[in-house]
Amino acid sequence: MRTTSAAVVHDKGGPFRIQEVTVAEPRPNEVRVRLTATGICHTDLLARDGTLPPAAPAVLGHEGSGVVEATGSAVTSVSVGDRVVLAPVSCGECRPCRTGHPMHCAVFLPLNFRGRRADGSTAYHGADGTELNAHFFGQSAFSRHVVTDARSAVVVDDRAPLELLGPLGCGFQTGAGAVLNVLRPEPGSSIAVFGAGAVGLAAIMAARIAGCDRIIAVDLHTHRLRTARELGATHAYDAAGGDEVVRRIVGLTHGGADATVDAVGHPQTVRNAVAALAVGGTAAVLGSGSGPGQEISLGLGQLFGRTVKGVLEGDSVPALLIPRLADFFVNGRFPIDRIVRTYPFEEINKAAEDAAAGRTIKPVLVH
(Lines give C-alpha, C1' and ligand atoms only; values in the text may rest on other atoms or scores of the structure.)
Protein backbone atom coordinates (compact mmCIF):
# COMPACT_ATOMS: atom_id res chain seq x y z
CA MET A 1 0.00 0.00 0.00
CA ARG A 2 1.33 3.45 -0.96
CA THR A 3 0.14 6.62 0.75
CA THR A 4 0.08 9.64 -1.55
CA SER A 5 -1.97 12.72 -2.32
CA ALA A 6 -4.64 13.06 -4.99
CA ALA A 7 -7.21 15.58 -6.20
CA VAL A 8 -10.59 14.02 -5.41
CA VAL A 9 -13.99 15.14 -6.71
CA HIS A 10 -16.56 14.61 -3.95
CA ASP A 11 -19.59 16.27 -5.50
CA LYS A 12 -20.96 16.58 -9.03
CA GLY A 13 -19.56 19.82 -10.43
CA GLY A 14 -17.64 20.45 -7.22
CA PRO A 15 -13.99 21.43 -6.83
CA PHE A 16 -11.01 19.12 -6.83
CA ARG A 17 -9.85 18.61 -3.24
CA ILE A 18 -6.29 17.50 -2.64
CA GLN A 19 -6.21 14.90 0.12
CA GLU A 20 -4.34 11.89 1.36
CA VAL A 21 -5.23 8.60 -0.35
CA THR A 22 -3.81 5.13 -0.46
CA VAL A 23 -2.91 3.25 -3.62
CA ALA A 24 -2.68 -0.55 -3.52
CA GLU A 25 0.40 -2.47 -4.54
CA PRO A 26 0.44 -3.38 -8.24
CA ARG A 27 -1.06 -6.68 -9.28
CA PRO A 28 0.99 -9.05 -11.51
CA ASN A 29 -0.03 -7.17 -14.69
CA GLU A 30 0.23 -3.67 -13.21
CA VAL A 31 2.84 -1.02 -12.49
CA ARG A 32 3.03 1.83 -10.01
CA VAL A 33 4.21 5.15 -11.40
CA ARG A 34 5.39 8.21 -9.50
CA LEU A 35 4.01 11.01 -11.62
CA THR A 36 6.01 14.00 -12.75
CA ALA A 37 3.14 15.87 -14.40
CA THR A 38 -0.45 15.47 -15.61
CA GLY A 39 -2.30 17.30 -18.36
CA ILE A 40 -5.87 18.49 -17.92
CA CYS A 41 -8.22 17.46 -20.72
CA HIS A 42 -11.77 18.63 -21.44
CA THR A 43 -12.90 15.07 -20.74
CA ASP A 44 -11.72 15.46 -17.13
CA LEU A 45 -13.99 18.48 -16.75
CA LEU A 46 -16.97 16.65 -18.25
CA ALA A 47 -16.44 13.84 -15.75
CA ARG A 48 -16.03 16.28 -12.87
CA ASP A 49 -19.36 17.86 -13.82
CA GLY A 50 -21.14 14.51 -14.06
CA THR A 51 -21.64 14.60 -17.83
CA LEU A 52 -19.43 11.54 -18.09
CA PRO A 53 -18.75 8.78 -15.54
CA PRO A 54 -17.41 7.79 -13.06
CA ALA A 55 -19.54 9.01 -10.18
CA ALA A 56 -18.07 10.88 -7.22
CA PRO A 57 -16.10 10.40 -5.09
CA ALA A 58 -13.55 9.93 -7.83
CA VAL A 59 -9.95 10.51 -8.82
CA LEU A 60 -9.82 11.69 -12.45
CA GLY A 61 -6.94 12.67 -14.73
CA HIS A 62 -5.63 10.75 -17.71
CA GLU A 63 -2.59 12.47 -19.21
CA GLY A 64 0.10 11.36 -16.80
CA SER A 65 3.85 11.10 -17.24
CA GLY A 66 6.36 9.89 -14.70
CA VAL A 67 8.78 7.21 -13.55
CA VAL A 68 7.99 3.55 -12.89
CA GLU A 69 8.39 2.87 -9.17
CA ALA A 70 7.25 -0.77 -8.93
CA THR A 71 6.16 -3.55 -11.28
CA GLY A 72 3.97 -6.60 -10.92
CA SER A 73 5.47 -10.07 -11.16
CA ALA A 74 4.26 -10.67 -14.75
CA VAL A 75 5.35 -7.34 -16.23
CA THR A 76 8.11 -7.48 -18.84
CA SER A 77 7.41 -4.41 -21.00
CA VAL A 78 8.71 -1.80 -18.53
CA SER A 79 11.14 -1.74 -15.63
CA VAL A 80 11.61 0.23 -12.45
CA GLY A 81 13.18 3.57 -13.32
CA ASP A 82 11.72 3.79 -16.83
CA ARG A 83 10.34 7.17 -17.88
CA VAL A 84 6.82 6.63 -19.19
CA VAL A 85 3.75 8.33 -20.61
CA LEU A 86 0.43 6.77 -19.63
CA ALA A 87 -2.16 5.97 -22.31
CA PRO A 88 -5.75 4.67 -22.10
CA VAL A 89 -6.09 1.03 -21.16
CA SER A 90 -7.24 -1.68 -23.59
CA CYS A 91 -8.04 -5.35 -23.09
CA GLY A 92 -5.48 -6.79 -25.52
CA GLU A 93 -7.80 -9.67 -26.40
CA CYS A 94 -10.63 -8.35 -28.62
CA ARG A 95 -10.50 -8.15 -32.40
CA PRO A 96 -9.59 -4.43 -32.56
CA CYS A 97 -6.77 -4.93 -30.04
CA ARG A 98 -5.43 -7.96 -31.90
CA THR A 99 -5.52 -6.17 -35.27
CA GLY A 100 -3.61 -3.07 -34.19
CA HIS A 101 -6.46 -0.81 -33.08
CA PRO A 102 -6.34 -0.93 -29.25
CA MET A 103 -7.86 2.55 -28.89
CA HIS A 104 -10.98 1.13 -30.53
CA CYS A 105 -11.01 -1.75 -28.04
CA ALA A 106 -14.39 -3.47 -27.83
CA VAL A 107 -14.55 -2.73 -24.10
CA PHE A 108 -12.86 0.68 -24.20
CA LEU A 109 -15.72 2.51 -22.49
CA PRO A 110 -16.10 0.30 -19.39
CA LEU A 111 -12.35 -0.11 -19.00
CA ASN A 112 -11.69 3.63 -19.14
CA PHE A 113 -14.82 5.25 -17.71
CA ARG A 114 -16.28 2.84 -15.17
CA GLY A 115 -13.91 3.99 -12.43
CA ARG A 116 -12.90 0.44 -11.59
CA ARG A 117 -10.64 -2.33 -12.77
CA ALA A 118 -12.22 -4.89 -15.10
CA ASP A 119 -13.11 -7.07 -12.08
CA GLY A 120 -14.88 -4.19 -10.33
CA SER A 121 -12.18 -3.48 -7.74
CA THR A 122 -10.36 -0.22 -7.08
CA ALA A 123 -6.76 0.35 -6.02
CA TYR A 124 -7.62 3.77 -4.55
CA HIS A 125 -9.02 4.51 -1.09
CA GLY A 126 -9.44 7.59 1.05
CA ALA A 127 -7.49 7.93 4.28
CA ASP A 128 -10.54 6.62 6.14
CA GLY A 129 -10.70 3.52 3.92
CA THR A 130 -13.54 4.76 1.69
CA GLU A 131 -13.37 3.26 -1.78
CA LEU A 132 -12.73 5.82 -4.53
CA ASN A 133 -13.79 5.49 -8.13
CA ALA A 134 -10.57 5.78 -10.09
CA HIS A 135 -8.69 3.94 -12.87
CA PHE A 136 -9.96 6.76 -15.12
CA PHE A 137 -8.58 5.94 -18.57
CA GLY A 138 -6.78 3.20 -16.70
CA GLN A 139 -4.76 5.60 -14.55
CA SER A 140 -6.47 8.45 -12.58
CA ALA A 141 -3.47 10.73 -12.94
CA PHE A 142 -4.71 13.52 -10.67
CA SER A 143 -2.67 11.67 -8.06
CA ARG A 144 1.03 11.77 -7.28
CA HIS A 145 1.21 7.97 -7.57
CA VAL A 146 -0.90 5.73 -9.77
CA VAL A 147 -1.38 2.03 -10.36
CA THR A 148 -2.12 1.11 -13.96
CA ASP A 149 -2.08 -1.85 -16.31
CA ALA A 150 1.38 -2.22 -17.85
CA ARG A 151 -0.23 -1.96 -21.31
CA SER A 152 -0.82 1.72 -20.55
CA ALA A 153 2.79 2.58 -19.74
CA VAL A 154 4.83 3.70 -22.76
CA VAL A 155 8.57 4.24 -22.39
CA VAL A 156 9.79 7.56 -23.83
CA ASP A 157 13.08 9.09 -24.92
CA ASP A 158 15.34 10.42 -22.15
CA ARG A 159 15.87 13.60 -24.19
CA ALA A 160 12.24 14.73 -23.87
CA PRO A 161 11.17 16.57 -20.68
CA LEU A 162 8.63 14.48 -18.77
CA GLU A 163 6.73 17.54 -17.52
CA LEU A 164 5.59 18.24 -21.10
CA LEU A 165 4.84 14.72 -22.30
CA GLY A 166 1.71 13.65 -20.40
CA PRO A 167 -0.72 15.07 -23.01
CA LEU A 168 0.87 12.77 -25.60
CA GLY A 169 -1.17 10.03 -23.91
CA CYS A 170 -4.51 11.57 -24.89
CA GLY A 171 -5.04 15.04 -26.36
CA PHE A 172 -1.95 15.25 -28.53
CA GLN A 173 -2.10 11.66 -29.74
CA THR A 174 -5.82 12.14 -30.52
CA GLY A 175 -5.20 15.04 -32.89
CA ALA A 176 -1.92 13.88 -34.36
CA GLY A 177 -3.04 10.26 -34.66
CA ALA A 178 -6.19 11.23 -36.54
CA VAL A 179 -3.99 12.83 -39.18
CA LEU A 180 -1.03 10.44 -39.27
CA ASN A 181 -2.86 7.15 -38.66
CA VAL A 182 -6.34 7.68 -40.12
CA LEU A 183 -6.43 10.47 -42.69
CA ARG A 184 -2.86 9.98 -43.90
CA PRO A 185 -2.93 13.02 -46.18
CA GLU A 186 -0.67 13.03 -49.19
CA PRO A 187 2.00 15.73 -49.50
CA GLY A 188 0.52 18.76 -51.18
CA SER A 189 -3.05 17.96 -50.11
CA SER A 190 -5.43 20.21 -48.17
CA ILE A 191 -6.90 19.80 -44.70
CA ALA A 192 -9.28 21.89 -42.57
CA VAL A 193 -9.27 21.57 -38.78
CA PHE A 194 -12.34 22.74 -36.86
CA GLY A 195 -11.28 23.64 -33.32
CA ALA A 196 -7.82 24.97 -32.45
CA GLY A 197 -7.55 23.70 -28.91
CA ALA A 198 -4.91 21.17 -27.90
CA VAL A 199 -6.37 18.38 -30.06
CA GLY A 200 -6.87 20.57 -33.12
CA LEU A 201 -3.42 22.15 -32.82
CA ALA A 202 -1.86 18.68 -32.58
CA ALA A 203 -3.69 17.83 -35.82
CA ILE A 204 -2.34 21.00 -37.43
CA MET A 205 1.23 20.19 -36.40
CA ALA A 206 0.81 16.65 -37.73
CA ALA A 207 -0.59 17.98 -41.01
CA ARG A 208 2.54 20.07 -41.41
CA ILE A 209 4.67 17.00 -40.71
CA ALA A 210 2.67 15.10 -43.36
CA GLY A 211 3.41 17.81 -45.92
CA CYS A 212 -0.07 19.26 -46.42
CA ASP A 213 0.00 22.32 -48.67
CA ARG A 214 -3.09 24.12 -47.35
CA ILE A 215 -3.78 23.75 -43.63
CA ILE A 216 -6.89 25.64 -42.56
CA ALA A 217 -7.68 26.34 -38.90
CA VAL A 218 -11.19 27.30 -37.78
CA ASP A 219 -11.90 28.54 -34.24
CA LEU A 220 -13.84 31.20 -32.32
CA HIS A 221 -10.80 32.51 -30.42
CA THR A 222 -8.42 34.94 -32.10
CA HIS A 223 -5.45 33.92 -29.95
CA ARG A 224 -5.93 30.26 -30.85
CA LEU A 225 -6.07 31.11 -34.55
CA ARG A 226 -2.87 33.11 -34.14
CA THR A 227 -1.22 30.13 -32.44
CA ALA A 228 -2.47 27.84 -35.20
CA ARG A 229 -0.75 30.04 -37.79
CA GLU A 230 2.47 29.92 -35.77
CA LEU A 231 2.31 26.11 -35.62
CA GLY A 232 1.71 25.47 -39.30
CA ALA A 233 -1.74 26.61 -40.41
CA THR A 234 -1.60 28.44 -43.72
CA HIS A 235 -5.07 29.97 -43.28
CA ALA A 236 -7.14 30.80 -40.19
CA TYR A 237 -10.87 31.50 -40.20
CA ASP A 238 -13.17 32.76 -37.45
CA ALA A 239 -15.77 30.07 -36.76
CA ALA A 240 -18.36 32.79 -36.12
CA GLY A 241 -18.63 33.02 -39.92
CA GLY A 242 -20.82 29.90 -39.93
CA ASP A 243 -21.74 28.73 -43.43
CA GLU A 244 -19.51 31.41 -44.92
CA VAL A 245 -16.48 29.65 -43.43
CA VAL A 246 -17.43 26.47 -45.30
CA ARG A 247 -17.81 28.45 -48.53
CA ARG A 248 -14.39 30.02 -48.01
CA ILE A 249 -12.80 26.61 -47.47
CA VAL A 250 -14.48 25.19 -50.58
CA GLY A 251 -13.37 28.20 -52.60
CA LEU A 252 -9.81 28.15 -51.33
CA THR A 253 -9.43 24.43 -52.09
CA HIS A 254 -11.25 24.59 -55.44
CA GLY A 255 -14.08 22.29 -54.48
CA GLY A 256 -13.43 21.19 -50.93
CA ALA A 257 -10.65 20.03 -48.65
CA ASP A 258 -9.10 16.60 -49.15
CA ALA A 259 -9.54 15.95 -45.42
CA THR A 260 -11.17 17.61 -42.42
CA VAL A 261 -10.89 17.18 -38.68
CA ASP A 262 -13.64 18.00 -36.20
CA ALA A 263 -11.82 18.56 -32.92
CA VAL A 264 -14.83 20.19 -31.24
CA GLY A 265 -17.50 17.50 -31.21
CA HIS A 266 -20.66 19.57 -31.62
CA PRO A 267 -23.28 18.64 -34.23
CA GLN A 268 -22.76 21.88 -36.16
CA THR A 269 -18.98 21.53 -36.37
CA VAL A 270 -19.38 17.95 -37.60
CA ARG A 271 -21.79 19.15 -40.29
CA ASN A 272 -19.35 21.87 -41.29
CA ALA A 273 -16.47 19.40 -41.45
CA VAL A 274 -18.48 17.22 -43.84
CA ALA A 275 -19.76 20.17 -45.91
CA ALA A 276 -16.19 21.43 -46.41
CA LEU A 277 -15.01 18.11 -47.90
CA ALA A 278 -14.18 17.47 -51.52
CA VAL A 279 -15.65 14.42 -53.21
CA GLY A 280 -13.36 11.58 -52.22
CA GLY A 281 -12.43 13.29 -48.95
CA THR A 282 -12.61 12.03 -45.38
CA ALA A 283 -13.82 13.80 -42.24
CA ALA A 284 -12.40 12.57 -38.92
CA VAL A 285 -14.68 13.22 -35.94
CA LEU A 286 -12.65 13.11 -32.74
CA GLY A 287 -15.05 13.44 -29.87
CA SER A 288 -18.15 14.84 -28.28
CA GLY A 289 -17.44 18.25 -26.85
CA SER A 290 -20.75 18.47 -25.01
CA GLY A 291 -20.90 14.88 -23.84
CA PRO A 292 -22.64 11.74 -25.10
CA GLY A 293 -26.10 11.55 -26.65
CA GLN A 294 -25.62 14.14 -29.38
CA GLU A 295 -27.27 13.52 -32.74
CA ILE A 296 -26.06 14.71 -36.12
CA SER A 297 -28.09 15.24 -39.29
CA LEU A 298 -26.37 15.18 -42.68
CA GLY A 299 -27.72 15.55 -46.17
CA LEU A 300 -27.74 12.21 -47.92
CA GLY A 301 -26.07 13.72 -50.96
CA GLN A 302 -23.15 14.90 -48.82
CA LEU A 303 -22.15 11.30 -48.16
CA PHE A 304 -21.78 10.19 -51.77
CA GLY A 305 -18.08 9.85 -52.43
CA ARG A 306 -17.19 11.07 -48.97
CA THR A 307 -16.24 9.27 -45.74
CA VAL A 308 -17.04 10.21 -42.15
CA LYS A 309 -15.00 8.38 -39.52
CA GLY A 310 -15.33 8.54 -35.76
CA VAL A 311 -11.86 8.24 -34.26
CA LEU A 312 -10.93 7.48 -30.65
CA GLU A 313 -7.50 8.50 -29.36
CA GLY A 314 -6.14 8.87 -32.90
CA ASP A 315 -6.73 5.14 -33.54
CA SER A 316 -3.18 4.74 -32.32
CA VAL A 317 -1.03 1.99 -30.95
CA PRO A 318 0.28 4.13 -28.08
CA ALA A 319 3.55 2.21 -27.81
CA LEU A 320 4.28 3.23 -31.42
CA LEU A 321 2.78 6.71 -31.77
CA ILE A 322 3.76 8.27 -28.42
CA PRO A 323 7.53 7.68 -28.84
CA ARG A 324 7.22 8.92 -32.43
CA LEU A 325 5.59 12.16 -31.28
CA ALA A 326 8.19 12.58 -28.54
CA ASP A 327 10.90 12.21 -31.18
CA PHE A 328 9.17 14.79 -33.37
CA PHE A 329 9.19 17.15 -30.38
CA VAL A 330 12.87 16.60 -29.63
CA ASN A 331 13.66 17.37 -33.27
CA GLY A 332 11.58 20.56 -33.31
CA ARG A 333 8.78 19.25 -35.53
CA PHE A 334 6.03 18.94 -32.91
CA PRO A 335 6.52 21.97 -30.61
CA ILE A 336 4.07 21.13 -27.85
CA ASP A 337 5.94 23.46 -25.50
CA ARG A 338 4.31 26.33 -27.40
CA ILE A 339 0.85 25.43 -26.15
CA VAL A 340 1.54 23.96 -22.68
CA ARG A 341 1.28 26.05 -19.53
CA THR A 342 2.40 24.42 -16.28
CA TYR A 343 0.75 24.83 -12.88
CA PRO A 344 1.68 23.44 -9.44
CA PHE A 345 -0.49 20.43 -8.63
CA GLU A 346 -2.04 22.41 -5.77
CA GLU A 347 -3.46 24.90 -8.32
CA ILE A 348 -5.55 22.26 -10.11
CA ASN A 349 -8.78 24.25 -9.74
CA LYS A 350 -7.22 27.39 -11.21
CA ALA A 351 -5.79 25.33 -14.08
CA ALA A 352 -9.20 23.78 -14.73
CA GLU A 353 -10.86 27.20 -14.65
CA ASP A 354 -8.30 28.63 -17.10
CA ALA A 355 -8.84 25.69 -19.44
CA ALA A 356 -12.63 26.02 -19.35
CA ALA A 357 -12.40 29.75 -20.03
CA GLY A 358 -10.01 29.28 -22.93
CA ARG A 359 -7.20 31.22 -21.25
CA THR A 360 -4.90 28.20 -21.40
CA ILE A 361 -4.80 25.79 -24.33
CA LYS A 362 -3.18 22.87 -22.52
CA PRO A 363 -2.70 23.14 -18.74
CA VAL A 364 -0.29 20.66 -17.19
CA LEU A 365 -0.02 20.05 -13.45
CA VAL A 366 3.51 19.55 -12.13
CA HIS A 367 3.57 17.21 -9.13
# chains A, B, ... in the order shown; residues from 1 in each chain; ligands from 1
>>> closest_atom_pairs(of="region 212-320 of chain A", to="region 186-200 of chain A", cutoff="6 Å", atoms="only C-alpha atoms", output="Markdown table")
| residue | atom | partner | partner_atom | distance |
| --- | --- | --- | --- | --- |
| A:Cys212 | CA | A:Gly188 | CA | 4.8 |
| A:Asp213 | CA | A:Gly188 | CA | 4.4 |
| A:Arg214 | CA | A:Ser190 | CA | 4.6 |
| A:Ile215 | CA | A:Ile191 | CA | 5.1 |
| A:Ile216 | CA | A:Ala192 | CA | 4.4 |
| A:Ala217 | CA | A:Val193 | CA | 5.0 |
| A:Val218 | CA | A:Phe194 | CA | 4.8 |
| A:Asp219 | CA | A:Gly195 | CA | 5.0 |
| A:Arg224 | CA | A:Ala196 | CA | 5.8 |
| A:Ala257 | CA | A:Ser190 | CA | 5.2 |
| A:Asp258 | CA | A:Ser190 | CA | 5.2 |
| A:Ala259 | CA | A:Ile191 | CA | 4.7 |
| A:Thr260 | CA | A:Ala192 | CA | 4.7 |
| A:Val261 | CA | A:Val193 | CA | 4.7 |
| A:Asp262 | CA | A:Phe194 | CA | 5.0 |
| A:Ala263 | CA | A:Gly195 | CA | 5.1 |
| A:Val264 | CA | A:Gly195 | CA | 5.4 |
>>> write_last_selection(atoms="N, CA and C atoms", output="PDB file, in the first residue's frame")
ATOM      1  N   CYS A 212       1.118  18.637 -45.829  1.00  0.00           N
ATOM      2  CA  CYS A 212      -0.068  19.263 -46.422  1.00  0.00           C
ATOM      3  C   CYS A 212       0.281  20.671 -46.919  1.00  0.00           C
ATOM      4  N   ASP A 213      -0.297  21.039 -48.040  1.00  0.00           N
ATOM      5  CA  ASP A 213       0.004  22.323 -48.668  1.00  0.00           C
ATOM      6  C   ASP A 213      -0.874  23.435 -48.101  1.00  0.00           C
ATOM      7  N   ARG A 214      -2.162  23.144 -47.923  1.00  0.00           N
ATOM      8  CA  ARG A 214      -3.086  24.116 -47.347  1.00  0.00           C
ATOM      9  C   ARG A 214      -3.650  23.516 -46.061  1.00  0.00           C
ATOM     10  N   ILE A 215      -3.348  24.192 -44.952  1.00  0.00           N
ATOM     11  CA  ILE A 215      -3.779  23.755 -43.627  1.00  0.00           C
ATOM     12  C   ILE A 215      -4.627  24.874 -43.055  1.00  0.00           C
ATOM     13  N   ILE A 216      -5.925  24.606 -42.912  1.00  0.00           N
ATOM     14  CA  ILE A 216      -6.890  25.643 -42.556  1.00  0.00           C
ATOM     15  C   ILE A 216      -7.374  25.414 -41.126  1.00  0.00           C
ATOM     16  N   ALA A 217      -7.209  26.413 -40.274  1.00  0.00           N
ATOM     17  CA  ALA A 217      -7.683  26.345 -38.899  1.00  0.00           C
ATOM     18  C   ALA A 217      -8.956  27.154 -38.754  1.00  0.00           C
ATOM     19  N   VAL A 218      -9.921  26.606 -38.017  1.00  0.00           N
ATOM     20  CA  VAL A 218     -11.189  27.297 -37.776  1.00  0.00           C
ATOM     21  C   VAL A 218     -11.453  27.285 -36.273  1.00  0.00           C
ATOM     22  N   ASP A 219     -11.662  28.463 -35.678  1.00  0.00           N
ATOM     23  CA  ASP A 219     -11.904  28.542 -34.243  1.00  0.00           C
ATOM     24  C   ASP A 219     -12.569  29.880 -33.927  1.00  0.00           C
ATOM     25  N   ARG A 224      -6.169  31.640 -30.409  1.00  0.00           N
ATOM     26  CA  ARG A 224      -5.932  30.262 -30.849  1.00  0.00           C
ATOM     27  C   ARG A 224      -5.646  30.222 -32.347  1.00  0.00           C
ATOM     28  N   ALA A 257     -11.910  20.538 -49.184  1.00  0.00           N
ATOM     29  CA  ALA A 257     -10.647  20.026 -48.647  1.00  0.00           C
ATOM     30  C   ALA A 257     -10.547  18.518 -48.852  1.00  0.00           C
ATOM     31  N   ASP A 258      -9.328  18.041 -49.011  1.00  0.00           N
ATOM     32  CA  ASP A 258      -9.104  16.596 -49.145  1.00  0.00           C
ATOM     33  C   ASP A 258      -9.419  15.864 -47.844  1.00  0.00           C
ATOM     34  N   ALA A 259      -9.260  16.555 -46.726  1.00  0.00           N
ATOM     35  CA  ALA A 259      -9.543  15.951 -45.422  1.00  0.00           C
ATOM     36  C   ALA A 259      -9.975  17.047 -44.461  1.00  0.00           C
ATOM     37  N   THR A 260     -10.798  16.680 -43.480  1.00  0.00           N
ATOM     38  CA  THR A 260     -11.170  17.614 -42.424  1.00  0.00           C
ATOM     39  C   THR A 260     -11.109  16.893 -41.085  1.00  0.00           C
ATOM     40  N   VAL A 261     -10.927  17.694 -40.043  1.00  0.00           N
ATOM     41  CA  VAL A 261     -10.892  17.177 -38.677  1.00  0.00           C
ATOM     42  C   VAL A 261     -11.869  17.996 -37.844  1.00  0.00           C
ATOM     43  N   ASP A 262     -12.795  17.324 -37.184  1.00  0.00           N
ATOM     44  CA  ASP A 262     -13.645  17.997 -36.204  1.00  0.00           C
ATOM     45  C   ASP A 262     -13.076  17.709 -34.823  1.00  0.00           C
ATOM     46  N   ALA A 263     -12.419  18.705 -34.236  1.00  0.00           N
ATOM     47  CA  ALA A 263     -11.819  18.556 -32.916  1.00  0.00           C
ATOM     48  C   ALA A 263     -12.658  19.247 -31.850  1.00  0.00           C
ATOM     49  N   VAL A 264     -13.920  19.533 -32.173  1.00  0.00           N
ATOM     50  CA  VAL A 264     -14.829  20.190 -31.237  1.00  0.00           C
ATOM     51  C   VAL A 264     -15.855  19.196 -30.708  1.00  0.00           C
TER      52      VAL A 264
END
>>> closest_atom_pairs(of="region 38-135 of chain A", to="region 339-350 of chain A", cutoff="10 Å", atoms="only C-alpha atoms", output="JSON lines")
{"residue": "A:Thr38", "atom": "CA", "partner": "A:Phe345", "partner_atom": "CA", "distance": 8.6}
{"residue": "A:Gly39", "atom": "CA", "partner": "A:Thr342", "partner_atom": "CA", "distance": 8.8}
{"residue": "A:Ile40", "atom": "CA", "partner": "A:Ile348", "partner_atom": "CA", "distance": 8.7}
>>> closest_residue(among="A:Gly50, A:Gly138, A:Gly66, A:Gly166", to="Ser90 (chain A)", atoms="only C-alpha atoms")
A:Gly138
>>> residues_around(residues="Asn133 (chain A)", least_positions_apart="3", cutoff="8 Å", atoms="only C-alpha atoms", output="list in words")
Pro54, Ala55, Ala56, Pro57, Ala58, Val59, Arg114, Gly115, Arg116, Thr122 and Tyr124 of chain A
>>> write_last_selection(atoms="N, CA and C atoms", output="CSV table (one decimal), in the first residue's frame")
chain,number,residue,atom,x,y,z
A,54,PRO,N,-16.7,8.5,-14.2
A,54,PRO,CA,-17.4,7.8,-13.1
A,54,PRO,C,-18.0,8.8,-12.1
A,55,ALA,N,-18.9,8.2,-11.2
A,55,ALA,CA,-19.5,9.0,-10.2
A,55,ALA,C,-18.6,9.4,-9.1
A,56,ALA,N,-18.8,10.5,-8.4
A,56,ALA,CA,-18.1,10.9,-7.2
A,56,ALA,C,-18.4,9.9,-6.0
A,57,PRO,N,-17.4,9.8,-5.1
A,57,PRO,CA,-16.1,10.4,-5.1
A,57,PRO,C,-15.2,9.7,-6.1
A,58,ALA,N,-14.4,10.5,-6.8
A,58,ALA,CA,-13.5,9.9,-7.8
A,58,ALA,C,-12.2,10.7,-8.0
A,59,VAL,N,-11.2,9.9,-8.4
A,59,VAL,CA,-9.9,10.5,-8.8
A,59,VAL,C,-9.9,10.5,-10.3
A,114,ARG,N,-15.5,3.4,-16.3
A,114,ARG,CA,-16.3,2.8,-15.2
A,114,ARG,C,-15.8,3.3,-13.8
A,115,GLY,N,-14.5,3.6,-13.7
A,115,GLY,CA,-13.9,4.0,-12.4
A,115,GLY,C,-13.4,2.8,-11.6
A,116,ARG,N,-13.3,1.7,-12.3
A,116,ARG,CA,-12.9,0.4,-11.6
A,116,ARG,C,-12.0,-0.4,-12.5
A,122,THR,N,-11.1,-1.5,-7.0
A,122,THR,CA,-10.4,-0.2,-7.1
A,122,THR,C,-9.1,-0.3,-6.2
A,124,TYR,N,-7.7,2.5,-5.2
A,124,TYR,CA,-7.6,3.8,-4.6
A,124,TYR,C,-8.6,3.9,-3.4
>>> closest_atom_pairs(of="region 131-183 of chain A", to="region 277-288 of chain A", cutoff="9 Å", atoms="only C-alpha atoms", output="tab-separated table")
residue	atom	partner	partner_atom	distance
A:Thr174	CA	A:Leu286	CA	7.2
A:Gly175	CA	A:Leu286	CA	7.7
A:Ala178	CA	A:Ala284	CA	6.8
A:Val179	CA	A:Ala284	CA	8.4
A:Val182	CA	A:Ala284	CA	7.9
A:Leu183	CA	A:Thr282	CA	6.9
>>> select_by_dssp(residues="region 120-301 of chain A", states="alpha helix (DSSP H)", output="ChimeraX atom specification")
/A:162-165,171-177,198-210,222-231,243-252,267-275,300-301
>>> closest_residue(among="A:Lys362, A:Arg34, A:His221, A:His367", to="Ala240 (chain A)", atoms="only C-alpha atoms")
A:His221
